[in-house]
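Containing mmCIF, C-alpha atoms: query.cif.
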data_run
#
loop_
_atom_site.label_atom_id
_atom_site.label_comp_id
_atom_site.auth_asym_id
_atom_site.auth_seq_id
_atom_site.Cartn_x
_atom_site.Cartn_y
_atom_site.Cartn_z
CA MET A 1 87.95 128.99 131.18
CA GLU A 2 86.60 125.76 132.55
CA ASN A 3 88.06 124.14 135.67
CA THR A 4 87.28 120.40 135.61
CA GLN A 5 87.90 118.07 138.54
CA ASP A 6 88.25 114.29 138.88
CA ALA A 7 90.24 113.50 135.74
CA PRO A 8 91.19 109.82 135.59
CA MET A 9 94.66 108.71 136.60
CA ARG A 10 96.82 107.94 133.57
CA ARG A 11 100.18 106.22 133.33
CA LEU A 12 102.35 106.58 130.23
CA PRO A 13 106.01 105.66 129.57
CA PRO A 14 108.05 108.00 131.82
CA LEU A 15 110.68 110.47 130.62
CA ALA A 16 112.83 112.05 133.35
CA SER A 17 112.55 115.79 133.85
CA LEU A 18 115.53 117.98 134.61
CA LEU A 19 114.36 118.50 138.16
CA ALA A 20 113.89 114.80 138.79
CA LEU A 21 117.44 114.19 137.55
CA LEU A 22 118.85 116.90 139.80
CA LEU A 23 117.06 115.52 142.81
CA ALA A 24 118.06 111.96 141.95
CA ALA A 25 121.70 112.99 141.81
CA ALA A 26 121.51 114.58 145.24
CA LEU A 27 119.41 112.11 147.21
CA PRO A 28 119.28 108.30 147.51
CA ALA A 29 115.93 106.55 147.70
CA ALA A 30 113.92 104.96 150.50
CA ASP A 31 111.15 102.65 149.28
CA ILE A 32 107.71 102.38 150.84
CA GLN A 33 105.70 99.20 150.49
CA GLU A 34 102.33 100.70 149.64
CA ALA A 35 101.70 103.17 146.83
CA LEU A 36 100.26 106.58 147.48
CA LEU A 37 96.77 107.03 146.15
CA HIS A 38 97.51 110.48 144.74
CA PHE A 39 99.25 113.80 145.34
CA ASN A 40 98.20 117.19 143.98
CA ALA A 41 99.25 120.81 143.69
CA THR A 42 96.96 123.79 143.30
CA THR A 43 97.46 127.53 142.91
CA ASP A 44 95.70 130.31 144.78
CA LYS A 45 93.96 131.47 141.58
CA PRO A 46 93.53 129.90 138.13
CA ALA A 47 97.00 128.85 137.06
CA LEU A 48 97.04 130.71 133.72
CA GLU A 49 95.80 134.07 134.99
CA TYR A 50 98.70 135.67 136.86
CA GLU A 51 100.21 139.10 136.26
CA VAL A 52 103.89 140.05 136.06
CA GLY A 53 105.24 140.29 139.60
CA GLU A 54 102.06 138.94 141.22
CA PRO A 55 102.63 136.38 144.02
CA ILE A 56 101.89 132.80 142.96
CA THR A 57 101.18 130.45 145.85
CA PHE A 58 101.33 126.69 145.33
CA THR A 59 99.67 124.38 147.84
CA VAL A 60 100.76 120.74 147.77
CA THR A 61 98.88 117.85 149.33
CA PHE A 62 100.46 114.40 149.43
CA GLY A 63 98.53 111.35 150.51
CA PRO A 64 96.85 109.47 151.91
CA PHE A 65 99.68 107.19 153.02
CA ALA A 66 99.91 103.55 154.07
CA PRO A 67 101.94 102.93 156.08
CA GLU A 68 102.63 106.21 157.86
CA LEU A 69 106.05 107.71 157.30
CA PRO A 70 108.43 108.26 160.21
CA PRO A 71 108.93 111.63 161.93
CA GLY A 72 111.31 114.03 160.23
CA THR A 73 109.83 113.65 156.75
CA THR A 74 110.23 116.83 154.70
CA VAL A 75 109.16 118.23 151.35
CA HIS A 76 111.96 119.53 149.13
CA TRP A 77 111.21 121.75 146.17
CA ALA A 78 113.03 123.21 143.19
CA ARG A 79 111.74 126.20 141.24
CA ARG A 80 112.59 127.05 137.63
CA GLY A 81 111.02 129.58 135.33
CA ASP A 82 111.10 131.38 132.00
CA ASP A 83 112.54 134.35 133.91
CA GLY A 84 115.75 132.38 134.56
CA LEU A 85 115.34 132.33 138.35
CA ARG A 86 116.24 129.08 140.09
CA GLU A 87 115.76 128.41 143.76
CA GLY A 88 114.87 125.62 146.15
CA GLY A 89 113.93 124.92 149.72
CA SER A 90 112.33 122.46 152.12
CA ALA A 91 109.70 122.31 154.85
CA PRO A 92 108.49 119.77 157.41
CA TRP A 93 105.65 117.56 156.25
CA THR A 94 102.73 115.89 157.97
CA PRO A 95 99.63 114.44 156.29
CA GLU A 96 97.44 116.94 158.13
CA ALA A 97 99.26 120.09 156.94
CA PRO A 98 99.73 120.83 153.24
CA VAL A 99 102.90 122.62 152.15
CA THR A 100 102.74 126.04 150.52
CA TYR A 101 105.34 127.86 148.47
CA THR A 102 105.06 131.38 147.07
CA THR A 103 106.98 132.78 144.13
CA ALA A 104 106.41 135.24 141.26
CA LEU A 105 107.38 135.74 137.61
CA ASN A 106 108.94 138.98 136.48
CA THR A 107 108.11 138.31 132.84
CA GLN A 108 105.45 136.72 130.68
CA GLY A 109 105.84 132.95 130.63
CA PHE A 110 105.68 129.90 132.86
CA VAL A 111 107.04 128.91 136.26
CA TRP A 112 107.73 125.28 137.14
CA VAL A 113 107.94 123.85 140.67
CA TYR A 114 108.87 120.27 141.51
CA PHE A 115 108.06 119.03 145.03
CA VAL A 116 109.44 115.72 146.29
CA LEU A 117 109.02 113.88 149.60
CA VAL A 118 112.20 113.06 151.60
CA ASP A 119 112.45 110.91 154.73
CA GLY A 120 114.21 111.78 157.99
CA GLN A 121 117.51 110.30 156.75
CA GLY A 122 117.54 112.46 153.62
CA ASN A 123 116.39 109.69 151.27
CA ARG A 124 113.80 110.31 148.58
CA VAL A 125 110.61 108.41 149.36
CA ARG A 126 109.52 106.14 146.56
CA GLN A 127 106.37 104.22 145.87
CA LYS A 128 106.53 100.49 145.25
CA ASP A 129 106.32 101.10 141.49
CA GLY A 130 109.59 103.06 141.69
CA ARG A 131 108.21 106.56 141.24
CA ASP A 132 109.13 109.38 143.55
CA VAL A 133 106.43 110.82 145.77
CA TYR A 134 106.24 114.12 143.95
CA ALA A 135 104.13 116.95 142.59
CA ASN A 136 105.19 118.54 139.31
CA CYS A 137 103.27 121.73 138.74
CA GLY A 138 103.22 125.15 137.14
CA ALA A 139 101.56 128.49 136.55
CA ALA A 140 101.74 131.23 133.92
CA VAL A 141 101.75 134.96 133.35
CA HIS A 142 99.88 135.95 130.18
CA PRO A 143 100.59 132.80 128.15
CA GLU A 144 98.33 134.20 125.42
CA ALA A 145 100.96 136.87 124.72
CA LEU A 146 103.90 134.51 124.15
CA GLN A 147 105.47 134.43 120.69
CA GLY A 148 108.41 132.63 119.12
CA VAL A 149 110.95 133.42 116.44
CA PRO A 150 109.73 134.31 112.92
CA GLU A 151 109.20 131.45 110.51
CA PRO A 152 111.74 130.83 107.71
CA ALA A 153 111.06 133.12 104.76
CA ASP A 154 110.89 130.16 102.37
CA PHE A 155 108.73 127.95 104.62
CA ASP A 156 105.83 127.54 102.18
CA ALA A 157 108.08 127.26 99.14
CA TYR A 158 110.09 124.58 100.88
CA TRP A 159 107.08 122.42 101.67
CA ASP A 160 105.59 122.94 98.22
CA ALA A 161 108.85 121.53 96.84
CA GLN A 162 108.71 118.52 99.18
CA LYS A 163 105.12 117.77 98.18
CA ALA A 164 106.20 117.92 94.54
CA LEU A 165 108.99 115.48 95.37
CA LEU A 166 106.44 113.13 96.90
CA LYS A 167 104.21 113.34 93.83
CA GLN A 168 107.03 111.97 91.70
CA VAL A 169 106.58 108.60 93.44
CA PRO A 170 103.37 106.85 92.34
CA LEU A 171 100.95 105.92 95.12
CA LYS A 172 101.51 102.18 95.17
CA ALA A 173 100.78 100.02 98.22
CA THR A 174 101.15 96.42 99.31
CA ARG A 175 98.49 95.19 101.74
CA THR A 176 98.64 91.84 103.55
CA LEU A 177 95.90 90.43 105.73
CA VAL A 178 97.24 89.87 109.26
CA LYS A 179 94.17 89.05 111.28
CA ARG A 180 90.41 88.64 111.08
CA ASP A 181 88.68 89.89 114.22
CA GLU A 182 85.27 88.26 113.99
CA GLY A 183 84.18 89.54 117.40
CA ARG A 184 84.65 93.17 116.45
CA GLY A 185 83.84 92.65 112.81
CA LEU A 186 86.99 93.96 111.15
CA SER A 187 90.05 92.94 109.17
CA ILE A 188 93.59 94.03 110.05
CA TYR A 189 96.28 94.45 107.41
CA ALA A 190 100.01 95.19 107.26
CA VAL A 191 100.55 97.97 104.73
CA SER A 192 103.65 99.27 102.94
CA ILE A 193 103.33 102.30 100.64
CA ASP A 194 106.01 103.53 98.24
CA CYS A 195 107.25 106.95 99.32
CA ALA A 196 109.87 109.56 98.54
CA GLY A 197 112.86 109.40 100.87
CA ARG A 198 114.77 106.42 102.18
CA ARG A 199 111.87 104.23 103.35
CA PRO A 200 108.22 103.51 102.58
CA ALA A 201 105.29 104.54 104.74
CA THR A 202 104.20 101.51 106.75
CA GLY A 203 101.61 100.65 109.35
CA PHE A 204 98.72 98.49 110.43
CA LEU A 205 95.33 99.21 108.89
CA SER A 206 91.92 98.05 110.05
CA ILE A 207 88.78 98.12 107.93
CA PRO A 208 85.44 97.33 109.61
CA ASP A 209 83.13 94.89 107.87
CA LYS A 210 80.42 97.54 107.77
CA ALA A 211 82.52 99.39 105.17
CA GLN A 212 81.22 96.85 102.64
CA LYS A 213 77.82 98.53 102.90
CA GLU A 214 78.60 102.15 103.82
CA LYS A 215 81.57 104.46 103.44
CA LEU A 216 83.28 105.29 106.74
CA PRO A 217 85.34 108.01 108.43
CA ALA A 218 89.10 107.40 108.69
CA VAL A 219 91.60 108.10 111.46
CA ALA A 220 95.42 108.02 111.42
CA TYR A 221 97.29 107.44 114.68
CA PHE A 222 100.96 108.46 114.95
CA HIS A 223 103.62 107.03 117.27
CA GLY A 224 105.49 108.84 120.03
CA TYR A 225 109.27 109.04 120.18
CA GLY A 226 111.16 105.80 120.51
CA TYR A 227 111.84 102.50 118.89
CA ASN A 228 109.66 99.66 120.13
CA ALA A 229 110.02 96.65 117.86
CA SER A 230 106.89 95.05 119.32
CA LEU A 231 104.87 97.82 117.64
CA PHE A 232 106.27 96.67 114.30
CA GLN A 233 106.05 92.91 114.77
CA GLN A 234 102.36 92.70 115.58
CA PRO A 235 99.36 95.03 115.32
CA PRO A 236 98.22 96.86 118.47
CA ASP A 237 95.08 95.67 120.17
CA PHE A 238 92.91 98.76 119.85
CA TRP A 239 90.76 99.45 116.84
CA ASP A 240 87.69 101.44 115.96
CA GLN A 241 84.66 99.46 114.81
CA ALA A 242 83.09 102.57 113.25
CA ARG A 243 86.13 104.01 111.43
CA ILE A 244 88.94 102.95 109.13
CA THR A 245 92.02 103.04 111.37
CA PHE A 246 95.66 103.40 110.30
CA GLN A 247 98.39 102.97 112.93
CA VAL A 248 101.26 104.68 111.12
CA ASN A 249 104.81 103.54 111.83
CA ALA A 250 107.00 106.54 112.64
CA HIS A 251 110.09 105.13 110.90
CA GLY A 252 108.82 103.32 107.83
CA ALA A 253 110.15 100.01 109.15
CA ASP A 254 109.13 96.79 107.47
CA LEU A 255 106.45 95.06 109.52
CA MET A 256 106.37 91.60 111.08
CA GLN A 257 110.07 90.88 110.59
CA PRO A 258 112.46 88.80 112.77
CA ALA A 259 114.05 90.40 115.83
CA GLU A 260 117.42 90.59 114.06
CA TYR A 261 115.95 92.90 111.43
CA TYR A 262 114.81 95.41 114.06
CA GLU A 263 118.12 95.27 115.91
CA GLU A 264 119.91 96.33 112.73
CA PHE A 265 117.22 98.84 111.83
CA GLU A 266 117.61 100.62 115.17
CA LYS A 267 121.35 100.94 114.63
CA GLY A 268 120.69 102.33 111.16
CA ILE A 269 118.50 105.23 112.29
CA ARG A 270 121.01 106.49 114.84
CA SER A 271 123.52 109.15 113.86
CA GLY A 272 126.88 108.53 115.52
CA ASN A 273 126.37 108.88 119.27
CA TYR A 274 122.99 110.57 118.81
CA PRO A 275 119.59 108.86 118.90
CA TYR A 276 117.50 109.52 115.84
CA ALA A 277 116.50 113.17 115.20
CA PHE A 278 119.00 114.55 117.74
CA ASP A 279 122.10 115.10 115.59
CA PRO A 280 122.78 118.87 115.22
CA GLN A 281 124.74 118.28 112.02
CA GLN A 282 121.79 116.50 110.43
CA ASN A 283 119.43 119.18 111.70
CA ALA A 284 121.46 122.01 110.22
CA SER A 285 119.40 121.62 107.04
CA PRO A 286 115.79 120.46 106.69
CA ASP A 287 116.85 118.27 103.77
CA THR A 288 119.11 116.11 105.95
CA ALA A 289 117.04 116.18 109.16
CA TYR A 290 115.57 112.84 110.25
CA PHE A 291 112.18 114.52 110.43
CA HIS A 292 112.26 115.27 106.68
CA ASP A 293 111.40 111.73 105.58
CA MET A 294 109.05 111.29 108.53
CA VAL A 295 106.93 114.17 107.21
CA LEU A 296 106.84 112.60 103.75
CA ARG A 297 105.67 109.31 105.26
CA VAL A 298 102.92 111.12 107.19
CA LEU A 299 101.66 112.75 103.98
CA ARG A 300 101.89 109.51 102.00
CA ALA A 301 99.96 107.63 104.72
CA LEU A 302 97.17 110.20 104.47
CA GLU A 303 97.16 109.95 100.67
CA TYR A 304 96.74 106.22 100.99
CA LEU A 305 93.85 106.53 103.44
CA LYS A 306 92.11 108.97 101.09
CA SER A 307 92.54 106.55 98.20
CA LEU A 308 90.59 103.76 99.92
CA PRO A 309 87.17 103.15 98.36
CA GLU A 310 85.75 102.55 101.86
CA TRP A 311 86.55 106.14 102.99
CA ASN A 312 83.58 108.53 103.06
CA GLY A 313 85.57 111.35 101.45
CA LYS A 314 85.10 113.92 104.22
CA ASP A 315 86.03 112.71 107.72
CA LEU A 316 89.80 112.37 108.14
CA VAL A 317 91.02 112.57 111.73
CA VAL A 318 94.66 112.61 112.90
CA GLU A 319 95.78 111.85 116.45
CA GLY A 320 98.94 111.22 118.46
CA GLY A 321 100.92 112.19 121.56
CA SER A 322 104.39 113.71 121.95
CA GLN A 323 106.21 112.88 118.69
CA GLY A 324 102.82 111.55 117.58
CA GLY A 325 101.41 114.99 118.39
CA LEU A 326 104.12 116.57 116.27
CA GLN A 327 103.22 114.30 113.34
CA THR A 328 99.54 115.11 113.90
CA ILE A 329 100.32 118.81 113.54
CA TRP A 330 102.38 118.26 110.37
CA ALA A 331 99.45 116.31 108.93
CA ALA A 332 96.90 119.03 109.67
CA ALA A 333 99.14 121.84 108.43
CA LEU A 334 100.26 120.22 105.18
CA ASP A 335 97.16 118.25 104.15
CA HIS A 336 94.01 120.35 104.20
CA ASP A 337 91.80 117.32 103.69
CA VAL A 338 92.32 116.60 107.40
CA SER A 339 89.02 117.39 109.13
CA LEU A 340 90.08 117.23 112.79
CA ALA A 341 93.45 117.13 114.58
CA LYS A 342 93.86 115.89 118.17
CA PRO A 343 97.49 116.25 119.27
CA SER A 344 98.45 115.57 122.88
CA ILE A 345 101.57 116.91 124.65
CA PRO A 346 102.99 117.93 121.23
CA TRP A 347 106.76 117.82 120.81
CA ASN A 348 109.09 120.30 119.06
CA CYS A 349 107.11 123.47 119.72
CA ASP A 350 109.35 126.57 119.86
CA ALA A 351 112.65 124.81 119.18
CA ALA A 352 114.54 128.12 119.47
CA GLY A 353 112.81 129.14 122.70
CA GLN A 354 115.69 128.35 125.03
CA SER A 355 118.56 129.68 122.91
CA THR A 356 116.71 132.84 121.81
CA PHE A 357 114.49 133.75 124.77
CA GLY A 358 116.00 131.78 127.65
CA ARG A 359 112.84 129.77 128.16
CA GLU A 360 112.96 126.78 130.46
CA PHE A 361 113.45 123.31 129.02
CA GLY A 362 114.05 119.95 130.67
CA SER A 363 117.08 117.82 130.02
CA TRP A 364 115.55 115.75 127.20
CA ARG A 365 115.41 118.02 124.18
CA ILE A 366 116.88 118.26 120.68
CA PRO A 367 119.85 120.68 120.52
CA TYR A 368 118.82 123.69 118.48
CA ALA A 369 119.80 123.75 114.81
CA PRO A 370 118.26 125.94 112.07
CA GLY A 371 116.83 123.04 110.08
CA LEU A 372 114.43 122.30 112.96
CA GLU A 373 112.50 125.48 112.15
CA TYR A 374 110.91 123.79 109.14
CA PHE A 375 109.37 121.13 111.40
CA ASP A 376 108.46 123.35 114.36
CA CYS A 377 104.81 123.23 115.37
CA ILE A 378 104.67 126.99 115.91
CA HIS A 379 105.39 127.59 112.21
CA MET A 380 102.95 124.90 111.13
CA ALA A 381 100.20 126.46 113.28
CA PRO A 382 98.95 129.26 110.98
CA ARG A 383 98.57 126.81 108.09
CA ILE A 384 96.09 124.54 109.86
CA GLN A 385 92.51 124.98 108.65
CA CYS A 386 90.64 122.20 110.46
CA PRO A 387 89.60 122.33 114.15
CA VAL A 388 92.37 121.35 116.58
CA GLU A 389 91.92 119.97 120.09
CA ILE A 390 95.09 119.71 122.18
CA THR A 391 93.83 116.94 124.43
CA ARG A 392 96.54 117.41 127.08
CA ALA A 393 99.18 120.03 127.77
CA GLY A 394 101.15 119.63 131.00
CA LEU A 395 101.91 122.58 133.27
CA GLY A 396 104.79 120.45 134.60
CA ASP A 397 105.87 118.94 131.27
CA TYR A 398 109.36 120.11 130.30
CA VAL A 399 109.91 117.49 127.63
CA CYS A 400 107.27 119.47 125.71
CA PRO A 401 107.44 122.76 127.66
CA PRO A 402 104.20 124.65 128.20
CA SER A 403 105.65 127.85 126.73
CA GLY A 404 106.08 126.17 123.33
CA VAL A 405 102.64 124.58 123.42
CA ALA A 406 101.14 127.98 124.31
CA ILE A 407 102.89 129.62 121.34
CA PHE A 408 101.60 126.89 119.04
CA TYR A 409 98.08 127.50 120.36
CA ASN A 410 98.45 131.28 120.01
CA ARG A 411 99.52 131.08 116.37
CA MET A 412 96.65 128.90 115.18
CA LYS A 413 93.86 130.71 113.34
CA CYS A 414 91.54 127.69 113.09
CA PRO A 415 88.92 126.72 115.70
CA LYS A 416 90.98 125.46 118.62
CA THR A 417 90.75 123.97 122.11
CA ILE A 418 93.44 123.21 124.66
CA HIS A 419 93.24 121.34 127.98
CA TRP A 420 95.94 122.42 130.45
CA TYR A 421 96.59 119.80 133.16
CA GLN A 422 97.95 120.89 136.51
CA GLY A 423 100.40 118.36 137.94
CA SER A 424 101.03 116.78 134.54
CA ASP A 425 104.56 116.02 133.45
CA HIS A 426 105.20 114.23 130.17
CA GLY A 427 104.21 110.77 131.30
CA TYR A 428 101.81 111.18 134.20
CA TYR A 429 99.06 113.24 135.72
CA PRO A 430 97.48 112.65 139.13
CA LYS A 431 93.94 111.67 139.90
CA GLY A 432 91.65 114.62 140.53
CA THR A 433 93.97 117.21 139.04
CA GLU A 434 92.71 120.59 137.86
CA ILE A 435 92.14 120.92 134.13
CA PHE A 436 91.94 124.37 132.57
CA THR A 437 90.21 124.38 129.19
CA LEU A 438 90.53 127.23 126.69
CA GLN A 439 88.60 127.43 123.47
CA GLU A 440 88.57 129.89 120.57
CA PRO A 441 86.60 129.99 117.30
CA GLN A 442 88.02 130.61 113.83
CA LYS A 443 90.10 133.78 113.59
CA PRO A 444 89.62 136.09 110.61
#
Please express what this file holds, its structure, as structure tokens.
Amino acid sequence: MENTQDAPMRRLPPLASLLALLLAAALPAADIQEALLHFNATTDKPALEYEVGEPITFTVTFGPFAPELPPGTTVHWARRGDDGLREGGSAPWTPEAPVTYTTALNTQGFVWVYFVLVDGQGNRVRQKDGRDVYANCGAAVHPEALQGVPEPADFDAYWDAQKALLKQVPLKATRTLVKRDEGRGLSIYAVSIDCAGRRPATGFLSIPDKAQKEKLPAVAYFHGYGYNASLFQQPPDFWDQARITFQVNAHGADLMQPAEYYEEFEKGIRSGNYPYAFDPQQNASPDTAYFHDMVLRVLRALEYLKSLPEWNGKDLVVEGGSQGGLQTIWAAALDHDVSLAKPSIPWNCDAAGQSTFGREFGSWRIPYAPGLEYFDCIHMAPRIQCPVEITRAGLGDYVCPPSGVAIFYNRMKCPKTIHWYQGSDHGYYPKGTEIFTLQEPQKP
């Protein structure tokens, strides 16, 4: 296990955790004019190496601050865990004295502690960017031993049938030049590919000029959860000058359309009062689940990349975070031409973990339904043959809980690496946080 310091600060679109919502309901906010530089939590031994019943001590350091906070400032904390125990408390805070909290787990799994700074009037202290002053951290007891529910008996037969369904639709694509980037030496295209299901596979493709002389590696990037029309109306501004790059649209939306089109499209992918993919009735069967067609579009996008004469025929990389991480895992499990998979904070790992084992989840999760098992990363895991690097897994991320990510990692038989970030929730990790890296070769 490697413990790496001084990771860069990252800021991603926030998703509220259960603990943040609980604290927000209980406490109003008091703004401060200057942002904190950083705030960190550490454990008294490596965070993934605790035993059942062993004390786990968290030490939290907030600061430095500008300006100084008034007397009476306290740290409040809430503790949750895969053992079902919930408790909270508070302690006085000064910049010179870090706060410590000791707990334990009476089972294998993860514990989650959320610390937040509160002023003398009982108001949550907030930075000028609106975030709480908080530390969101965790530790684990034997995460390598965690397992989920068995996979569906017809898992392979089901996906063989879906691939056969996809093959019935000829691989036919429309490609339109969107932009010539002379500075970086590449062309950017809007692409629509015929696909089984309700919509085509769509996305923005870049091909470097050097592909005219030499065949190149290819990479597919997959979107996180959400519906951002700006991603569909114009290509993103990051491309690889050494690789063919395909930014795959998660929904198969037509590209570069008027705003009215996307307003209607968003309404069309909802299911009643549920945002897309969250309807339990749809998710009762894999055939009706929103994810079903999304998988087909992932596979069709990869087929298209492999059909390009500029591709070198061997290097096919897939990447994405959250829902993009989920799509990355589908790609690697169901298309064995993928040569490397790099999911980050992967979503929908261990969908049955809360209802079956009582594992901790945050408030933002898909209600369990049996059809979700066919899309669950933990069942895809044994089918992956290429190396996998989980570039970030958050010990405080309960949108994609660490227990599920650990089970996904445990079930893979391919060469694999995972980077566990202390202090990382779904959308943020602090500067200088601890990173625990695990790595395993191919299993027999």
Where does the PyMOL selection byres ((chain A and resi 355-361) around 10) land in this file, that is, which residues does it pick, as a PDB file with C-alpha atoms, in the frame of the given file?
ATOM      1  CA  SER A  17     112.550 115.790 133.850  1.00  0.00           C
ATOM      2  CA  LEU A  18     115.530 117.980 134.610  1.00  0.00           C
ATOM      3  CA  ARG A  80     112.590 127.050 137.630  1.00  0.00           C
ATOM      4  CA  GLY A  81     111.020 129.580 135.330  1.00  0.00           C
ATOM      5  CA  ASP A  82     111.100 131.380 132.000  1.00  0.00           C
ATOM      6  CA  ASP A  83     112.540 134.350 133.910  1.00  0.00           C
ATOM      7  CA  GLY A  84     115.750 132.380 134.560  1.00  0.00           C
ATOM      8  CA  LEU A  85     115.340 132.330 138.350  1.00  0.00           C
ATOM      9  CA  GLY A 109     105.840 132.950 130.630  1.00  0.00           C
ATOM     10  CA  PHE A 110     105.680 129.900 132.860  1.00  0.00           C
ATOM     11  CA  VAL A 111     107.040 128.910 136.260  1.00  0.00           C
ATOM     12  CA  TRP A 112     107.730 125.280 137.140  1.00  0.00           C
ATOM     13  CA  GLN A 147     105.470 134.430 120.690  1.00  0.00           C
ATOM     14  CA  GLY A 148     108.410 132.630 119.120  1.00  0.00           C
ATOM     15  CA  VAL A 149     110.950 133.420 116.440  1.00  0.00           C
ATOM     16  CA  ASP A 350     109.350 126.570 119.860  1.00  0.00           C
ATOM     17  CA  ALA A 351     112.650 124.810 119.180  1.00  0.00           C
ATOM     18  CA  ALA A 352     114.540 128.120 119.470  1.00  0.00           C
ATOM     19  CA  GLY A 353     112.810 129.140 122.700  1.00  0.00           C
ATOM     20  CA  GLN A 354     115.690 128.350 125.030  1.00  0.00           C
ATOM     21  CA  GLY A 362     114.050 119.950 130.670  1.00  0.00           C
ATOM     22  CA  SER A 363     117.080 117.820 130.020  1.00  0.00           C
ATOM     23  CA  TRP A 364     115.550 115.750 127.200  1.00  0.00           C
ATOM     24  CA  ARG A 365     115.410 118.020 124.180  1.00  0.00           C
ATOM     25  CA  PRO A 367     119.850 120.680 120.520  1.00  0.00           C
ATOM     26  CA  TYR A 368     118.820 123.690 118.480  1.00  0.00           C
ATOM     27  CA  ASP A 397     105.870 118.940 131.270  1.00  0.00           C
ATOM     28  CA  TYR A 398     109.360 120.110 130.300  1.00  0.00           C
ATOM     29  CA  VAL A 399     109.910 117.490 127.630  1.00  0.00           C
ATOM     30  CA  CYS A 400     107.270 119.470 125.710  1.00  0.00           C
ATOM     31  CA  PRO A 401     107.440 122.760 127.660  1.00  0.00           C
ATOM     32  CA  PRO A 402     104.200 124.650 128.200  1.00  0.00           C
ATOM     33  CA  SER A 403     105.650 127.850 126.730  1.00  0.00           C
ATOM     34  CA  GLY A 404     106.080 126.170 123.330  1.00  0.00           C
TER      35      GLY A 404
END
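The smallest atom-to-atom distance between Arg300 of chain A and any of A:Ser344, A:Thr61, A:Asn249, A:Gln127, using only C-alpha atoms, is found for A:Asn249.
Closest approach to Asp119 of chain A among A:Asp160, A:Leu340, A:Thr73, A:His142 is made by A:Thr73 (distances from all atoms listed in the file).
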Evaluate the PyMOL selection byres ((chain A and resi 419) around 12) on the structure here and hand back the selected residues as JSON, numbers by chain. {"A": [1, 2, 3, 4, 7, 48, 342, 343, 344, 345, 388, 389, 390, 391, 392, 393, 394, 395, 402, 405, 406, 409, 416, 417, 418, 420, 421, 422, 424, 433, 434, 435, 436, 437, 438, 439]}
Filtering to C-alpha atoms, could you give me those residues as a PDB file, keeping the file's coordinate frame?
ATOM      1  CA  MET A   1      87.950 128.990 131.180  1.00  0.00           C
ATOM      2  CA  GLU A   2      86.600 125.760 132.550  1.00  0.00           C
ATOM      3  CA  ASN A   3      88.060 124.140 135.670  1.00  0.00           C
ATOM      4  CA  THR A   4      87.280 120.400 135.610  1.00  0.00           C
ATOM      5  CA  ALA A   7      90.240 113.500 135.740  1.00  0.00           C
ATOM      6  CA  LEU A  48      97.040 130.710 133.720  1.00  0.00           C
ATOM      7  CA  LYS A 342      93.860 115.890 118.170  1.00  0.00           C
ATOM      8  CA  PRO A 343      97.490 116.250 119.270  1.00  0.00           C
ATOM      9  CA  SER A 344      98.450 115.570 122.880  1.00  0.00           C
ATOM     10  CA  ILE A 345     101.570 116.910 124.650  1.00  0.00           C
ATOM     11  CA  VAL A 388      92.370 121.350 116.580  1.00  0.00           C
ATOM     12  CA  GLU A 389      91.920 119.970 120.090  1.00  0.00           C
ATOM     13  CA  ILE A 390      95.090 119.710 122.180  1.00  0.00           C
ATOM     14  CA  THR A 391      93.830 116.940 124.430  1.00  0.00           C
ATOM     15  CA  ARG A 392      96.540 117.410 127.080  1.00  0.00           C
ATOM     16  CA  ALA A 393      99.180 120.030 127.770  1.00  0.00           C
ATOM     17  CA  GLY A 394     101.150 119.630 131.000  1.00  0.00           C
ATOM     18  CA  LEU A 395     101.910 122.580 133.270  1.00  0.00           C
ATOM     19  CA  PRO A 402     104.200 124.650 128.200  1.00  0.00           C
ATOM     20  CA  VAL A 405     102.640 124.580 123.420  1.00  0.00           C
ATOM     21  CA  ALA A 406     101.140 127.980 124.310  1.00  0.00           C
ATOM     22  CA  TYR A 409      98.080 127.500 120.360  1.00  0.00           C
ATOM     23  CA  LYS A 416      90.980 125.460 118.620  1.00  0.00           C
ATOM     24  CA  THR A 417      90.750 123.970 122.110  1.00  0.00           C
ATOM     25  CA  ILE A 418      93.440 123.210 124.660  1.00  0.00           C
ATOM     26  CA  TRP A 420      95.940 122.420 130.450  1.00  0.00           C
ATOM     27  CA  TYR A 421      96.590 119.800 133.160  1.00  0.00           C
ATOM     28  CA  GLN A 422      97.950 120.890 136.510  1.00  0.00           C
ATOM     29  CA  SER A 424     101.030 116.780 134.540  1.00  0.00           C
ATOM     30  CA  THR A 433      93.970 117.210 139.040  1.00  0.00           C
ATOM     31  CA  GLU A 434      92.710 120.590 137.860  1.00  0.00           C
ATOM     32  CA  ILE A 435      92.140 120.920 134.130  1.00  0.00           C
ATOM     33  CA  PHE A 436      91.940 124.370 132.570  1.00  0.00           C
ATOM     34  CA  THR A 437      90.210 124.380 129.190  1.00  0.00           C
ATOM     35  CA  LEU A 438      90.530 127.230 126.690  1.00  0.00           C
ATOM     36  CA  GLN A 439      88.600 127.430 123.470  1.00  0.00           C
TER      37      GLN A 439
END
Segment 366-369 of chain A: axis-aligned bounding box, 8 Å on each side, centre and edge lengths in Å, one decimal, as JSON:
{"center_x": 118.4, "center_y": 121.0, "center_z": 117.7, "size_x": 19.0, "size_y": 21.5, "size_z": 21.9}
What residues come out when you apply the PyMOL selection byres ((chain A and resi 43) around 8) to this file, written as a ChimeraX atom specification? /A:41-42,44-47,56-59,139
Distance query Cys414 of chain A at most 6 Å, all atoms listed in the file, self and fewer than 5 positions along chain excluded, as a list of chain:residue names: A:Gln385, A:Pro387, A:Gln442
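The spacing separating atom CA of Pro236 of chain A from atom CA of Arg270 of chain A amounts to 25.0 Å.
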